[in-house]
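J.: Before anything else, here's the structure in question.
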Amino acid sequence: MTNHLQRGNRPDLLRRQLLEGMAILPFVLISPPALARLTHQQTSWASGRAWTRLSVALGERLFPVNLPDLSGEAGKRLLANPVAVGDEAGLTQSSGWIDAWQSAPSSYAARVRDARDVAQVVMFAREKGVRLVIRGGGHSYHGTSCASDSLMLWTRGLDGIELHDAFVPRGSNATPVPAVSLGAGCVWGAAYDAVTRQHGRYVQGGGCTTVGVAGLIQGGGFGNFSKAYGMAAASLLEAEVVTADGAIRIVNAIRDPDLFWALKGGGGGSFGVVTRVTLRTHDLPSTFGAIRFTIQARSDQTFRQLIDRFFLHYRNRLFNPHWGEQVIFTRSRKLIGEMVFQSLGEEEVRAHWADLMDFAASDRNSFELIDPLTIHTTPARLFWDPENMNRLIPGVMTRDTRSDTGASAFWWTGDGEQAGQMHHGMESVWLSQRFLEPDARKALVEALFNASRIWSVSLHFNKGIAGGSQYARETSAETAVNPDAIDAFCLALIASSGSSGFPGVVPRPDLESARRDAEAVKNAMRALRSVCPTAGSYLYESDFHLMEAEERYWGTHAQELRRLKRRYDPAGLFRVHHGIGS
């Protein structure tokens with residue numbers, strides 16, 4: 001249920017930021033006819049003996065890619081279904097980024113079925129010098145899962161799930177632990193359905209159910225309850241990966257431990273093609289739940305007071321493993337709370353929020369409680385059960401109703417708007433826990449207030465590990481992600497996006513407005529960064545045009561990751577935007 005972008009208003013509680021003032025604008029960087037003409041027929045590398053060998057080996061699983069017709073009602077239905085978008089080889093979940101990239105189909109796709117298929121594709125790309133694209137869930141905001149005139153290594157068919165009561169990594173004498181092995185093509189909705197709903201365990205993954213498992217792990221990955229269970233990468237016990245030399249490796253803390261570490265947050269598609277991950281599973285808490293509220297400040301002065309009071313309240317009552325997700329500070333001086341919790345009952349939750357609600361209600365000349373505190377709780381096993389969640393919060397989940405999809409094909413309804421969206425701007429920064437202390441808090445309040453006058457700001461508490469459980473802090477510190485994430489109490493995110501920029505989708509773009517929004521996002525983050533100019537950013541939710549990206553994403557780990565990139569991919573076969581060494 002984490003959300004990434006400012007997209008406009010929504011009626012439901014979960015998965016969408018209620019940020020205001022956003023333009024819903026498509027933008028097309030390349031004309032639709034030019035994209036439509038970019039097909040395999042213009043691809044010179046799809047010939048010769050090496051191509052023949054690959055074609056014979058893969059058969060019909062090696063095929064030309066075309067962009068589907070997105071005009072008319074059929075196109076609207078397709079783009080309203082993120083699971084269906086993921087099933088289309090010619091589409092990505094995002095349609096592009098203004099003045100940066102435009103989604104374009106690969107010339108050919110290889111729908112691989114195992115690591116041996118992957119190795120064959122890798123060796124062909126290496127021999128022919130072909131631009132290789134790795135795609136699982138296709139959710140990259142930076143366009144790393146698409147490129148024109150490329151060969152797509154499509155892992156969607158690697159969707160096996162195997163649960164283990166007592167897993168020991170290969171070559172290790174570690175104590176056996178419960179775990180789950182997930183193919184790289186799995187999405188998190190399928191993982192939660194198998195692990196939590198069917199078997200009563202918890203696996204730490206992403207909030208969006210249509211995000212690919214392997215990609216999230218390689219970026220570090222945060223989910224609703226990362227304060228309790230750590231980053232998604234922190235639970236990685238073992239991975240199967242094909243490296244640039246075509247070797248199929250089983251890596252863990254004993255076998256190729258340096259590569260294993262790099263896969264835990266060093267960036268997707270940089271060190272090899274991950275085909276399977278095995279993750280530790282955890283005891284399921286008694287409850288999961290969510291809260292929502294909206295407080296309106298009547299003036300700039302009282303909004304500053306509200307911001308300060310919220311941070312005080314957060315430090316005293318919410319800075320612990322129970323709470324995740326976000327609050328939003330809007331340009332209209334609203335504080336919107338959309339948070340989740342685990343292992344708490346309704347009365348405990350109400351007590352956790354009593355001080356802030358009383359503060360807002362005590363001075364009606366300064367504040368208006370537009371939406372009083374609403375609390376929803378459910379047995380944790382049913383949190384990813386669409387029927388249960390829609391009884392609890394009508395319409396909060398949507399099922400894929402196509403006849404050939406399974407029970408695990410569902411998404412948080414608010415996430416449906418991500419399908420095809422065009423990004424205008426996105427900036428993130430980790431905020432150190434030191435800002436919760438009185439002296440530093442004053443500076444943060446002023447910086448956040450100034451930023452919110454330009455664009456709405458959301459704080460994602462589950463994307464900062466400070467205040468989390470000992471397990472979350474210790475295991476997350478063993479990943480390759482910037483250590484700033486471990487010290488942070490939240491990730492601040494400022495973003496704007498609009499409707500689809502895919503060819504054939506209307507209305508036409510308003511380019512000027514989209515660029516104004518992009519500039520506003522930058523200016524808002526500039527105001528917020530005045531108190532933390534060198535703090536890190538989250539790889540998967542950050543500026544496409546970010547300068548000094550490696551230092552922002554990986555901090556003190558960047559140098560070691562560069563060394564490992566040279567070791568495992570010396571010729572640079574695996575290239576992604578902002579990837580280490582790319």
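We name chains A, B, ... following the order of the structure tokens; residues begin at 1 in each chain, and ligands are numbered from 1 as shown.
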Which residues come within 6 Å of segment 190-199 of chain A, counting only C-alpha atoms, excluding same-chain residues fewer than 3 positions away, as a ChimeraX atom specification?
T.: /A:187,202,381-382,408
J.: Tell me, counting only C-alpha atoms, for each residue of segment 423-506 of chain A within 12 Å of segment 136-158 of chain A, which pair of atoms is nearest and how far apart they are in Å to one decimal, in rows ordered by chain and increasing number, as a tab-separated table.
T.:
residue	atom	partner	partner_atom	distance
A:His423	CA	A:Tyr141	CA	7.7
A:His424	CA	A:Tyr141	CA	10.7
A:Gly425	CA	A:Tyr141	CA	10.3
A:Met426	CA	A:Tyr141	CA	9.2
A:Glu427	CA	A:Tyr141	CA	11.7
A:Ala495	CA	A:Tyr141	CA	11.6
A:Ser497	CA	A:Tyr141	CA	10.7
J.: Go ahead and write the residues just picked, C-alpha atoms, as a PDB file, in the first residue's frame.
T.:
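Contents of part.pdb, as written:
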ATOM      1  CA  HIS A 423       6.146  11.210 -14.842  1.00  0.00           C
ATOM      2  CA  HIS A 424       6.808  14.940 -14.668  1.00  0.00           C
ATOM      3  CA  GLY A 425       9.180  14.964 -11.730  1.00  0.00           C
ATOM      4  CA  MET A 426      10.129  12.926  -8.685  1.00  0.00           C
ATOM      5  CA  GLU A 427      12.549  13.749  -5.881  1.00  0.00           C
ATOM      6  CA  ALA A 495       6.457  14.022  -7.176  1.00  0.00           C
ATOM      7  CA  SER A 497       2.790  12.634 -12.813  1.00  0.00           C
TER       8      SER A 497
END
J.: Pick out the residues sitting within 8 Å of segment 527-535 of chain A, and hand them over as a list in words; count only C-alpha atoms, and ignore anything fewer than 4 positions along from it in its own chain.
T.: Val429, Trp430, Leu431, Ala443, Leu444, Ala447, Leu448, Asn450, Ala451, Asp484, Asn523 and Arg552 of chain A
J.: Could you please take those selected residues and save C-alpha atoms as a CSV table (one decimal), in the first residue's frame?
T.:
chain,number,residue,atom,x,y,z
A,429,VAL,CA,15.5,12.4,0.4
A,430,TRP,CA,16.1,10.3,3.5
A,431,LEU,CA,15.5,12.4,6.7
A,443,ALA,CA,14.8,23.6,11.2
A,444,LEU,CA,13.0,20.7,9.6
A,447,ALA,CA,12.1,23.6,5.6
A,448,LEU,CA,9.1,21.3,5.2
A,450,ASN,CA,8.6,26.1,2.7
A,451,ALA,CA,8.6,23.1,0.5
A,484,ASP,CA,21.3,7.0,5.3
A,523,ASN,CA,12.1,23.8,-6.2
A,552,ARG,CA,23.1,9.5,-3.5
J.: Of the candidates A:Trp455, A:Phe367, A:Tyr314, A:Phe222, which shows the shortest atom-to-atom distance to Thr294 of chain A, using only C-alpha atoms?
T.: A:Phe367
J.: Determine which residues of segment 398-496 of chain A receive a DSSP assignment of helix (DSSP H, G or I), computed from the backbone, and state them as a PyMOL selection string.
T.: chain A and resi 413-418+433-436+438-454+461-463+470-476+484-487
J.: Would you output that residue set with N, CA and C atoms, as a compact mmCIF listing (two decimals), in the first residue's frame?
T.:
# COMPACT_ATOMS: atom_id res chain seq x y z
N THR A 413 -6.72 -0.68 -5.41
CA THR A 413 -7.42 0.05 -6.46
C THR A 413 -6.70 1.34 -6.84
N GLY A 414 -6.15 2.03 -5.86
CA GLY A 414 -5.43 3.27 -6.16
C GLY A 414 -4.23 3.06 -7.06
N ASP A 415 -3.66 1.85 -7.03
CA ASP A 415 -2.49 1.57 -7.88
C ASP A 415 -2.85 1.45 -9.34
N GLY A 416 -4.14 1.27 -9.63
CA GLY A 416 -4.53 1.16 -11.03
C GLY A 416 -4.15 2.38 -11.84
N GLU A 417 -4.06 3.54 -11.17
CA GLU A 417 -3.72 4.77 -11.88
C GLU A 417 -2.25 4.81 -12.31
N GLN A 418 -1.44 3.92 -11.77
CA GLN A 418 -0.03 3.91 -12.18
C GLN A 418 0.14 3.39 -13.60
N GLN A 433 16.97 10.59 11.70
CA GLN A 433 16.24 10.60 12.95
C GLN A 433 16.65 11.76 13.86
N ARG A 434 17.78 12.38 13.58
CA ARG A 434 18.18 13.52 14.41
C ARG A 434 17.20 14.67 14.29
N PHE A 435 16.43 14.71 13.20
CA PHE A 435 15.46 15.78 13.02
C PHE A 435 14.26 15.65 13.95
N LEU A 436 14.16 14.55 14.66
CA LEU A 436 13.08 14.40 15.63
C LEU A 436 13.45 15.02 16.97
N PRO A 438 14.51 18.17 19.47
CA PRO A 438 13.93 19.53 19.49
C PRO A 438 14.68 20.57 18.66
N ASP A 439 16.00 20.66 18.78
CA ASP A 439 16.73 21.71 18.07
C ASP A 439 16.66 21.51 16.56
N ALA A 440 16.92 20.31 16.11
CA ALA A 440 16.89 20.05 14.68
C ALA A 440 15.47 20.06 14.13
N ARG A 441 14.50 19.70 14.97
CA ARG A 441 13.11 19.66 14.51
C ARG A 441 12.65 21.04 14.04
N LYS A 442 13.07 22.05 14.70
CA LYS A 442 12.66 23.41 14.33
C LYS A 442 13.08 23.74 12.90
N ALA A 443 14.31 23.37 12.53
CA ALA A 443 14.80 23.63 11.17
C ALA A 443 14.03 22.80 10.16
N LEU A 444 13.73 21.54 10.50
CA LEU A 444 12.98 20.69 9.57
C LEU A 444 11.57 21.22 9.36
N VAL A 445 10.94 21.67 10.41
CA VAL A 445 9.57 22.22 10.28
C VAL A 445 9.56 23.38 9.30
N GLU A 446 10.52 24.27 9.41
CA GLU A 446 10.56 25.43 8.52
C GLU A 446 10.84 24.99 7.08
N ALA A 447 11.77 24.05 6.91
CA ALA A 447 12.09 23.59 5.55
C ALA A 447 10.89 22.88 4.93
N LEU A 448 10.21 22.05 5.70
CA LEU A 448 9.06 21.33 5.16
C LEU A 448 7.92 22.30 4.86
N PHE A 449 7.71 23.27 5.73
CA PHE A 449 6.69 24.28 5.46
C PHE A 449 6.99 25.01 4.15
N ASN A 450 8.22 25.42 3.96
CA ASN A 450 8.58 26.14 2.73
C ASN A 450 8.39 25.26 1.50
N ALA A 451 8.76 23.99 1.62
CA ALA A 451 8.57 23.08 0.49
C ALA A 451 7.09 22.90 0.16
N SER A 452 6.27 22.79 1.19
CA SER A 452 4.84 22.55 0.97
C SER A 452 4.12 23.75 0.39
N ARG A 453 4.72 24.92 0.44
CA ARG A 453 4.12 26.09 -0.22
C ARG A 453 4.30 25.99 -1.74
N ILE A 454 5.25 25.17 -2.17
CA ILE A 454 5.54 25.02 -3.60
C ILE A 454 4.85 23.79 -4.17
N PHE A 461 7.14 6.67 6.22
CA PHE A 461 7.86 6.23 7.40
C PHE A 461 8.37 4.81 7.28
N ASN A 462 7.72 3.99 6.49
CA ASN A 462 8.19 2.62 6.30
C ASN A 462 9.42 2.55 5.40
N LYS A 463 9.83 3.68 4.82
CA LYS A 463 11.01 3.70 3.97
C LYS A 463 12.21 4.34 4.67
N GLN A 470 14.96 -4.27 16.22
CA GLN A 470 16.39 -4.59 16.16
C GLN A 470 16.68 -5.43 14.93
N TYR A 471 15.81 -6.40 14.63
CA TYR A 471 16.00 -7.23 13.45
C TYR A 471 16.01 -6.39 12.20
N ALA A 472 15.07 -5.47 12.06
CA ALA A 472 14.99 -4.63 10.87
C ALA A 472 16.25 -3.79 10.71
N ARG A 473 16.74 -3.22 11.80
CA ARG A 473 17.91 -2.36 11.72
C ARG A 473 19.18 -3.15 11.41
N GLU A 474 19.34 -4.30 12.05
CA GLU A 474 20.57 -5.07 11.86
C GLU A 474 20.63 -5.70 10.47
N THR A 475 19.55 -6.29 10.02
CA THR A 475 19.58 -6.96 8.71
C THR A 475 19.59 -5.95 7.56
N SER A 476 18.92 -4.83 7.72
CA SER A 476 18.93 -3.81 6.67
C SER A 476 20.31 -3.17 6.54
N ASP A 484 22.25 5.91 4.82
CA ASP A 484 21.32 6.95 5.25
C ASP A 484 19.93 6.39 5.49
N ALA A 485 19.56 5.32 4.77
CA ALA A 485 18.24 4.73 4.95
C ALA A 485 18.08 4.10 6.32
N ILE A 486 19.16 3.62 6.89
CA ILE A 486 19.09 2.98 8.20
C ILE A 486 18.95 4.04 9.29
N ASP A 487 19.56 5.19 9.07
CA ASP A 487 19.51 6.29 10.04
C ASP A 487 18.24 7.13 9.89
J.: Between A:Ala351, A:Ala110, A:Val274, A:Ile254, which is the closest to Leu132 of chain A once you count only C-alpha atoms?
T.: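 Result for the nearest residue to Leu132 of chain A: A:Ala110.
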J.: Find the residues of segment 459-518 of chain A that sit at most 7 Å from segment 79-101 of chain A; for each, write down the nearest two atoms and how far apart they are in Å, to one decimal. Count only C-alpha atoms. Sort by chain, then by number going up, and give it as CSV.
T.:
residue,atom,partner,partner_atom,distance
A:Ser500,CA,A:Ser95,CA,6.1
A:Gly501,CA,A:Ser95,CA,5.5
A:Phe502,CA,A:Ser95,CA,5.7
J.: For each of A:Gly572, A:Leu335, A:Pro394, A:Gly468, take the minimum atom-to-atom distance to Arg304 of chain A, counting only C-alpha atoms, then give the residue where this is smallest.
T.: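 The closest residue to Arg304 of chain A is A:Leu335.
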J.: Could you jot down the atom CA of Ala253 of chain A to atom CA of Glu560 of chain A separation for me, Å, one decimal place?
T.: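 Separating atom CA of Ala253 of chain A from atom CA of Glu560 of chain A is a distance of 16.6 Å.
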J.: Excluding segment 298-302 of chain A and any residue of its chain fewer than 2 positions from it, enumerate the residues within 9 Å of it, using only C-alpha atoms, and give them as a ChimeraX atom specification.
T.: /A:296,304-307,333,365-368,449
J.: Mind writing the picked residues with C-alpha atoms as a JSON list (two decimals), in the first residue's frame?
T.:
[["chain", "number", "residue", "atom", "x", "y", "z"],
["A", 296, "GLN", "CA", -6.87, 21.57, 7.92],
["A", 304, "ARG", "CA", 3.69, 25.54, 11.02],
["A", 305, "GLN", "CA", 2.31, 24.69, 14.44],
["A", 306, "LEU", "CA", 0.58, 21.62, 13.06],
["A", 307, "ILE", "CA", 3.75, 20.38, 11.33],
["A", 333, "ARG", "CA", -2.30, 23.50, 4.42],
["A", 365, "ASN", "CA", -10.13, 28.83, 15.23],
["A", 366, "SER", "CA", -6.81, 27.38, 14.12],
["A", 367, "PHE", "CA", -7.69, 23.88, 12.85],
["A", 368, "GLU", "CA", -10.52, 21.95, 11.31],
["A", 449, "PHE", "CA", 6.69, 24.28, 5.46]]
J.: With distances taken over only C-alpha atoms, which of A:Asp363, A:Glu551, A:Glu127, A:Asp543 is nearest to Gly48 of chain A?
T.: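 Once distances to Gly48 of chain A are computed over only C-alpha atoms, the minimum belongs to A:Glu127.
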J.: Could you check which of A:Ser107, A:Ser47, A:Ser428, A:Ser499 is closest to Leu539 of chain A, using only C-alpha atoms?
T.: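 Selected residue with least distance to Leu539 of chain A: A:Ser428.
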J.: Of the residues A:Arg255, A:Arg399, A:His545, A:Arg61, which is the one nearest to Arg113 of chain A, using only C-alpha atoms?
T.: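 Closest candidate: A:Arg61.
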J.: Residues within 7 Å of Ala290 of chain A, please, as a compact mmCIF listing (two decimals) with C-alpha atoms, in the first residue's frame. Count only C-alpha atoms; anything in the same chain fewer than 5 positions from it doesn't count.
T.:
# COMPACT_ATOMS: atom_id res chain seq x y z
CA MET A 339 -0.74 5.04 7.77
CA VAL A 340 -0.71 1.32 8.41
CA PHE A 341 0.06 -0.65 11.54
CA ILE A 375 -9.43 2.93 11.93
CA HIS A 376 -9.62 -0.36 10.04
CA THR A 377 -8.23 -3.61 11.46
J.: Atom CA of Pro176 of chain A to atom CA of Asp256 of chain A: how many Å, to one decimal?
T.: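 Going from atom CA of Pro176 of chain A over to atom CA of Asp256 of chain A, I get 20.0 Å.
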J.: Please return, as a ChimeraX atom specification, all residues of segment 370-472 of chain A that DSSP assigns to strand (DSSP E or B) on the basis of the backbone.
T.: /A:370-379,397-399,410-412,421-432,457-460
J.: Please measure the separation of atom CA of Gly504 of chain A and atom CA of Tyr108 of chain A, giving the value in Å to one decimal.
T.: 21.8 Å
